[in-house]
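Novice: start.txt is the file, holding compact mmCIF, C-alpha atoms:
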# COMPACT_ATOMS: atom_id res chain seq x y z
CA MET J 167 20.15 3.96 24.11
CA ALA J 168 17.04 5.65 25.46
CA PHE J 169 13.50 5.48 24.17
CA ASP J 170 10.32 7.50 24.47
CA VAL J 171 7.11 5.56 25.09
CA ASP J 172 4.04 7.06 23.42
CA GLY J 173 4.48 6.90 19.65
CA VAL J 174 7.71 4.88 19.93
CA LEU J 175 7.20 1.85 22.19
CA THR J 176 3.46 2.22 21.53
CA ASP J 177 1.46 3.52 18.58
CA GLY J 178 0.66 6.65 20.57
CA SER J 179 -2.92 5.69 21.39
CA LEU J 180 -4.03 6.21 24.98
CA PHE J 181 -6.75 3.99 26.41
CA TYR J 182 -8.46 4.63 29.74
CA THR J 183 -10.70 2.30 31.69
CA ASP J 184 -13.84 3.70 33.34
CA GLU J 185 -11.77 3.75 36.54
CA GLY J 186 -9.20 6.04 34.90
CA ILE J 187 -6.47 3.43 34.51
CA GLU J 188 -4.28 4.06 31.48
CA ILE J 189 -3.66 1.12 29.16
CA LYS J 190 -1.03 0.87 26.43
CA ALA J 191 -0.21 -1.84 23.90
CA PHE J 192 3.43 -2.86 23.53
CA ASN J 193 4.90 -4.88 20.65
CA THR J 194 6.76 -8.12 21.42
CA LEU J 195 9.15 -7.56 18.49
CA ASP J 196 10.26 -4.34 20.16
CA GLY J 197 10.58 -6.07 23.52
CA LEU J 198 12.96 -8.68 22.17
CA GLY J 199 14.95 -5.97 20.41
CA LEU J 200 15.44 -4.17 23.72
CA LYS J 201 16.55 -7.42 25.35
CA MET J 202 18.98 -8.01 22.47
CA LEU J 203 20.57 -4.60 23.07
CA GLN J 204 21.02 -5.46 26.73
CA GLN J 205 22.48 -8.88 25.87
CA ALA J 206 25.06 -7.07 23.76
CA GLY J 207 26.05 -4.87 26.71
CA ILE J 208 24.17 -1.75 25.67
CA THR J 209 22.42 0.09 28.49
CA VAL J 210 18.75 0.72 27.75
CA ALA J 211 16.68 3.52 29.27
CA ILE J 212 13.16 4.83 28.96
CA ILE J 213 12.62 8.57 29.26
CA THR J 214 9.01 9.67 28.83
CA GLY J 215 6.88 12.70 29.54
CA ARG J 216 3.90 10.75 30.83
CA ARG J 217 3.52 8.46 33.85
CA ALA J 218 1.74 5.14 33.67
CA ARG J 219 1.94 2.04 35.84
CA CYS J 220 1.87 -0.18 32.74
CA VAL J 221 5.15 1.40 31.57
CA GLU J 222 6.74 0.56 34.90
CA LEU J 223 5.55 -3.03 34.56
CA ARG J 224 6.82 -3.30 30.98
CA ALA J 225 10.23 -1.91 31.93
CA LYS J 226 10.48 -4.38 34.82
CA ASN J 227 9.45 -7.25 32.52
CA LEU J 228 12.24 -6.31 30.10
CA GLY J 229 14.87 -5.79 32.81
CA ILE J 230 15.19 -2.05 32.09
CA ARG J 231 16.55 -0.45 35.24
CA HIS J 232 16.71 3.12 33.98
CA LEU J 233 13.10 4.31 33.83
CA PHE J 234 12.23 7.99 34.00
CA GLN J 235 8.57 9.00 33.79
CA ALA J 236 6.75 12.35 33.99
CA VAL J 237 9.87 14.05 32.63
CA ASP J 238 9.62 17.64 31.39
CA ASP J 239 13.34 18.01 30.59
CA LYS J 240 14.35 14.83 28.75
CA ARG J 241 17.72 16.27 27.76
CA GLY J 242 18.53 17.07 31.39
CA VAL J 243 17.56 13.56 32.51
CA MET J 244 19.65 12.06 29.69
CA ASN J 245 22.64 14.19 30.68
CA SER J 246 22.31 13.07 34.32
CA LEU J 247 22.04 9.42 33.28
CA LEU J 248 25.09 9.71 31.03
CA ALA J 249 27.09 11.29 33.85
CA GLU J 250 26.06 8.43 36.16
CA LEU J 251 27.10 5.87 33.53
CA GLY J 252 30.32 7.69 32.66
CA LEU J 253 29.34 8.11 29.01
CA SER J 254 29.50 11.05 26.64
CA ALA J 255 26.48 12.23 24.68
CA ASP J 256 28.27 11.19 21.49
CA ALA J 257 28.10 7.58 22.72
CA ALA J 258 24.36 7.77 23.36
CA GLY J 259 21.18 7.66 21.35
CA TYR J 260 17.54 8.55 21.73
CA MET J 261 14.46 7.46 19.82
CA GLY J 262 11.49 9.81 19.90
CA ASP J 263 8.57 10.65 17.66
CA ASP J 264 7.54 14.26 18.29
CA ILE J 265 9.01 17.74 18.46
CA VAL J 266 9.27 17.62 22.27
CA ASP J 267 11.97 14.96 21.74
CA LEU J 268 14.18 17.09 19.48
CA PRO J 269 16.27 18.71 22.28
CA VAL J 270 17.42 15.35 23.68
CA MET J 271 17.80 13.82 20.22
CA SER J 272 19.98 16.68 18.98
CA ALA J 273 22.27 16.26 22.00
CA CYS J 274 22.96 12.59 21.28
CA GLY J 275 25.37 11.00 18.84
CA PHE J 276 22.53 8.92 17.36
CA SER J 277 18.84 9.61 16.95
CA ALA J 278 15.93 7.75 15.42
CA THR J 279 12.21 8.08 14.89
CA PRO J 280 9.46 5.70 13.79
CA GLY J 281 8.24 5.87 10.20
CA ASP J 282 5.12 7.64 11.45
CA GLY J 283 7.06 10.12 13.60
CA HIS J 284 6.39 13.83 13.12
CA ALA J 285 7.69 15.11 9.76
CA LEU J 286 9.91 17.74 11.40
CA VAL J 287 11.49 15.08 13.61
CA GLN J 288 12.18 12.93 10.55
CA CYS J 289 14.18 15.85 9.10
CA HIS J 290 16.50 15.93 12.12
CA VAL J 291 17.33 12.29 12.88
CA ALA J 292 19.96 9.85 11.70
CA LEU J 293 17.41 7.07 11.08
CA THR J 294 13.71 6.94 10.26
CA THR J 295 12.37 3.40 10.44
CA VAL J 296 10.09 1.74 7.94
CA ARG J 297 7.77 0.51 10.69
CA GLY J 298 5.61 2.74 12.84
CA GLY J 299 5.68 3.34 16.58
CA GLY J 300 4.47 0.34 18.56
CA ARG J 301 4.68 -1.75 15.40
CA GLY J 302 8.30 -2.92 15.35
CA ALA J 303 10.08 0.43 14.87
CA VAL J 304 12.10 -0.06 18.05
CA ARG J 305 13.20 -3.50 16.85
CA GLU J 306 14.47 -1.95 13.61
CA VAL J 307 16.54 0.54 15.59
CA CYS J 308 17.89 -2.15 17.92
CA GLU J 309 19.01 -4.33 15.01
CA PHE J 310 20.46 -1.29 13.21
CA ILE J 311 22.58 -0.43 16.26
CA LEU J 312 23.71 -4.02 16.77
CA ASP J 313 24.62 -4.35 13.10
CA ALA J 314 26.53 -1.04 13.12
CA GLN J 315 28.52 -2.25 16.13
CA GLY J 316 29.22 -5.66 14.56
CA LYS J 317 27.19 -7.43 17.27
CA LEU J 318 24.02 -8.46 15.43
CA ALA J 319 25.21 -11.86 14.18
CA ALA J 320 26.38 -12.91 17.65
CA VAL J 321 23.11 -11.87 19.27
CA LEU J 322 21.01 -13.57 16.59
CA ALA J 323 23.12 -16.73 16.94
CA LEU J 324 21.69 -17.13 20.45
CA TYR J 325 18.31 -17.82 18.85
CA LEU J 326 19.30 -19.81 15.75
CA PRO J 327 19.37 -23.62 15.73
CA VAL J 328 22.79 -25.21 15.83
CA ALA J 329 23.64 -27.06 12.60
CA GLY J 330 23.26 -30.83 12.95
CA GLN J 331 20.95 -30.66 15.94
Translate the structure described by the file into structure tokens.

Specialist:
Amino acid sequence: MAFDVDGVLTDGSLFYTDEGIEIKAFNTLDGLGLKMLQQAGITVAIITGRRARCVELRAKNLGIRHLFQAVDDKRGVMNSLLAELGLSADAAGYMGDDIVDLPVMSACGFSATPGDGHALVQCHVALTTVRGGGRGAVREVCEFILDAQGKLAAVLALYLPVAGQ
């Protein structure tokens, strides 16, 4: 499962310091969702059109090894990653929020967008979340995938207290 950054893992706002350093805000709900996917054996990737050091740091913090930034051809990068992993496009998914994401989303077996994703994108995806980008939308998608694969209960059990303890 691959994710865009701006508008998906963030709310799409771009902040710059006076020194020109780009700053983004990430949601911890989304971060745990991405870790839950990985715990369930699902490979997670980030494919984004922009480049920012903070995205590299966030990916490292979450243990995401497949990070592709400054990408013009997201579909091409996804196809290369799938070939490397030995997966078909039908077995993959992408979450994006804008029309530039439609080519990669249409090539995947599953696609999703945040509740505040572009209206045209919402017309062409399998799932539109209730929550907005950078506000828990990624977590919704992660739990949807885990539930669809029958893995959600087992992953959640890792965090639930054991009865009698």

Novice: Please provide as a compact mmCIF listing (two decimals) with C-alpha atoms, in the frame of the given file all residues within 10 Å of Ala191 of chain J, with the sequence filter that same-chain residues fewer than 5 positions apart are discarded (counting only C-alpha atoms).

Specialist:
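Once written, out.txt looks like this:
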# COMPACT_ATOMS: atom_id res chain seq x y z
CA ASP J 172 4.04 7.06 23.42
CA LEU J 175 7.20 1.85 22.19
CA THR J 176 3.46 2.22 21.53
CA ASP J 177 1.46 3.52 18.58
CA GLY J 178 0.66 6.65 20.57
CA SER J 179 -2.92 5.69 21.39
CA LEU J 180 -4.03 6.21 24.98
CA PHE J 181 -6.75 3.99 26.41
CA CYS J 220 1.87 -0.18 32.74
CA VAL J 221 5.15 1.40 31.57
CA GLY J 300 4.47 0.34 18.56
CA ARG J 301 4.68 -1.75 15.40

Novice: Report as a tab-separated table the residues of segment 172-235 of chain J within 12 Å of segment 264-273 of chain J, each with its shortest atom pair and distance in Å (one decimal), using only C-alpha atoms, ordered by chain and increasing residue number.

Specialist:
residue	atom	partner	partner_atom	distance
J:Asp172	CA	J:Asp264	CA	9.5
J:Gly173	CA	J:Asp264	CA	8.1
J:Val174	CA	J:Asp264	CA	9.5
J:Gly178	CA	J:Asp264	CA	10.5
J:Ile213	CA	J:Asp267	CA	9.9
J:Thr214	CA	J:Asp267	CA	9.3
J:Gly215	CA	J:Val266	CA	9.1

Novice: May I ask for the distance between atom CA of Gly259 of chain J and atom CA of Leu326 of chain J, given in Å to one decimal place?

Specialist: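 Here the two named atoms are 28.1 Å from each other.
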
Novice: Got a sec: who's within 8 Å of Leu203 of chain J, counting all atoms listed in the file, leaving out chain neighbours fewer than 6 positions off, as a ChimeraX atom specification?

Specialist: /J:209-210,308,312

Novice: Pick out the closest residue to Tyr260 of chain J from this set: J:Asp282, J:Glu306, J:Val291, J:Lys201. Count all atoms listed in the file.

Specialist: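 Under the stated criterion, the closest residue is J:Val291.
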
Novice: Rank J:Gln235, J:Thr183, J:Gln315, J:Thr295 by their smallest atom-to-atom distance to Asp170 of chain J, using all atoms listed in the file, and report the top residue only.

Specialist: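 Between J:Gln235, J:Thr183, J:Gln315, J:Thr295, the residue approaching Asp170 of chain J most closely is J:Gln235.
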
Novice: Give me, please, the distance in Å between atom CA of Lys240 of chain J and atom CA of Gly283 of chain J, quoted to one decimal.

Specialist: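 That distance, rounded to one decimal, is 17.5 Å.
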
Novice: Counting only C-alpha atoms, which residues of segment 208-320 of chain J fall within 12 Å of segment 196-199 of chain J, and what is the closest atom pair for each with its distance in Å at one decimal, ordered by chain and rising number, as CSV?

Specialist:
residue,atom,partner,partner_atom,distance
J:Ile208,CA,J:Gly199,CA,11.4
J:Val210,CA,J:Gly199,CA,10.6
J:Arg224,CA,J:Gly197,CA,8.8
J:Ala225,CA,J:Gly197,CA,9.4
J:Lys226,CA,J:Gly197,CA,11.4
J:Asn227,CA,J:Gly197,CA,9.1
J:Leu228,CA,J:Gly197,CA,6.8
J:Gly229,CA,J:Gly197,CA,10.2
J:Ile230,CA,J:Gly197,CA,10.5
J:Pro280,CA,J:Asp196,CA,11.9
J:Arg297,CA,J:Asp196,CA,10.9
J:Gly298,CA,J:Asp196,CA,11.2
J:Gly299,CA,J:Asp196,CA,9.6
J:Gly300,CA,J:Asp196,CA,7.6
J:Arg301,CA,J:Asp196,CA,7.8
J:Gly302,CA,J:Asp196,CA,5.4
J:Ala303,CA,J:Asp196,CA,7.1
J:Val304,CA,J:Asp196,CA,5.1
J:Arg305,CA,J:Asp196,CA,4.5
J:Glu306,CA,J:Gly199,CA,7.9
J:Val307,CA,J:Gly199,CA,8.3
J:Cys308,CA,J:Gly199,CA,5.4
J:Glu309,CA,J:Gly199,CA,7.0
J:Phe310,CA,J:Gly199,CA,10.2
J:Ile311,CA,J:Gly199,CA,10.3
J:Leu312,CA,J:Gly199,CA,9.7
J:Leu318,CA,J:Gly199,CA,10.6

Novice: Report the distance between atom CA of Ala278 of chain J and atom CA of Asp239 of chain J in Å, rounded to one decimal place.

Specialist: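 Pair atom CA of Ala278 of chain J / atom CA of Asp239 of chain J returns 18.5 Å.
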
Novice: So, counting all atoms listed in the file, which residue among J:Ala168, J:Lys317, J:Leu200, J:Gly262 is closest to His232 of chain J?

Specialist: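 Selected residue with least distance to His232 of chain J: J:Ala168.
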
Novice: Using only C-alpha atoms, find the one residue out of J:Asp256, J:Thr194, J:Gly207, J:Phe169 that sits nearest to Val321 of chain J.

Specialist: J:Gly207

Novice: Taking all atoms listed in the file into account, name the residue in J:Ile189, J:Asp263, J:Leu195, J:Leu223 that is nearest to Val171 of chain J.

Specialist: J:Asp263

Novice: Which protein, DNA or RNA residues are at most 6 Å from (12.6, 4.0, 7.2) in the file's coordinates when you count all atoms listed in the file, listed as a PyMOL selection string?

Specialist: chain J and resi 281+294-296

Novice: What box, with edges along x, y and z, holds each listed atom of segment 278-281 of chain J when 5 Å is added on every side, and can you state its centre and edge lengths in Å to one decimal, as lines of an AutoDock Vina configuration file?

Specialist:
center_x = 12.1
center_y = 6.9
center_z = 12.8
size_x = 17.7
size_y = 12.4
size_z = 15.2
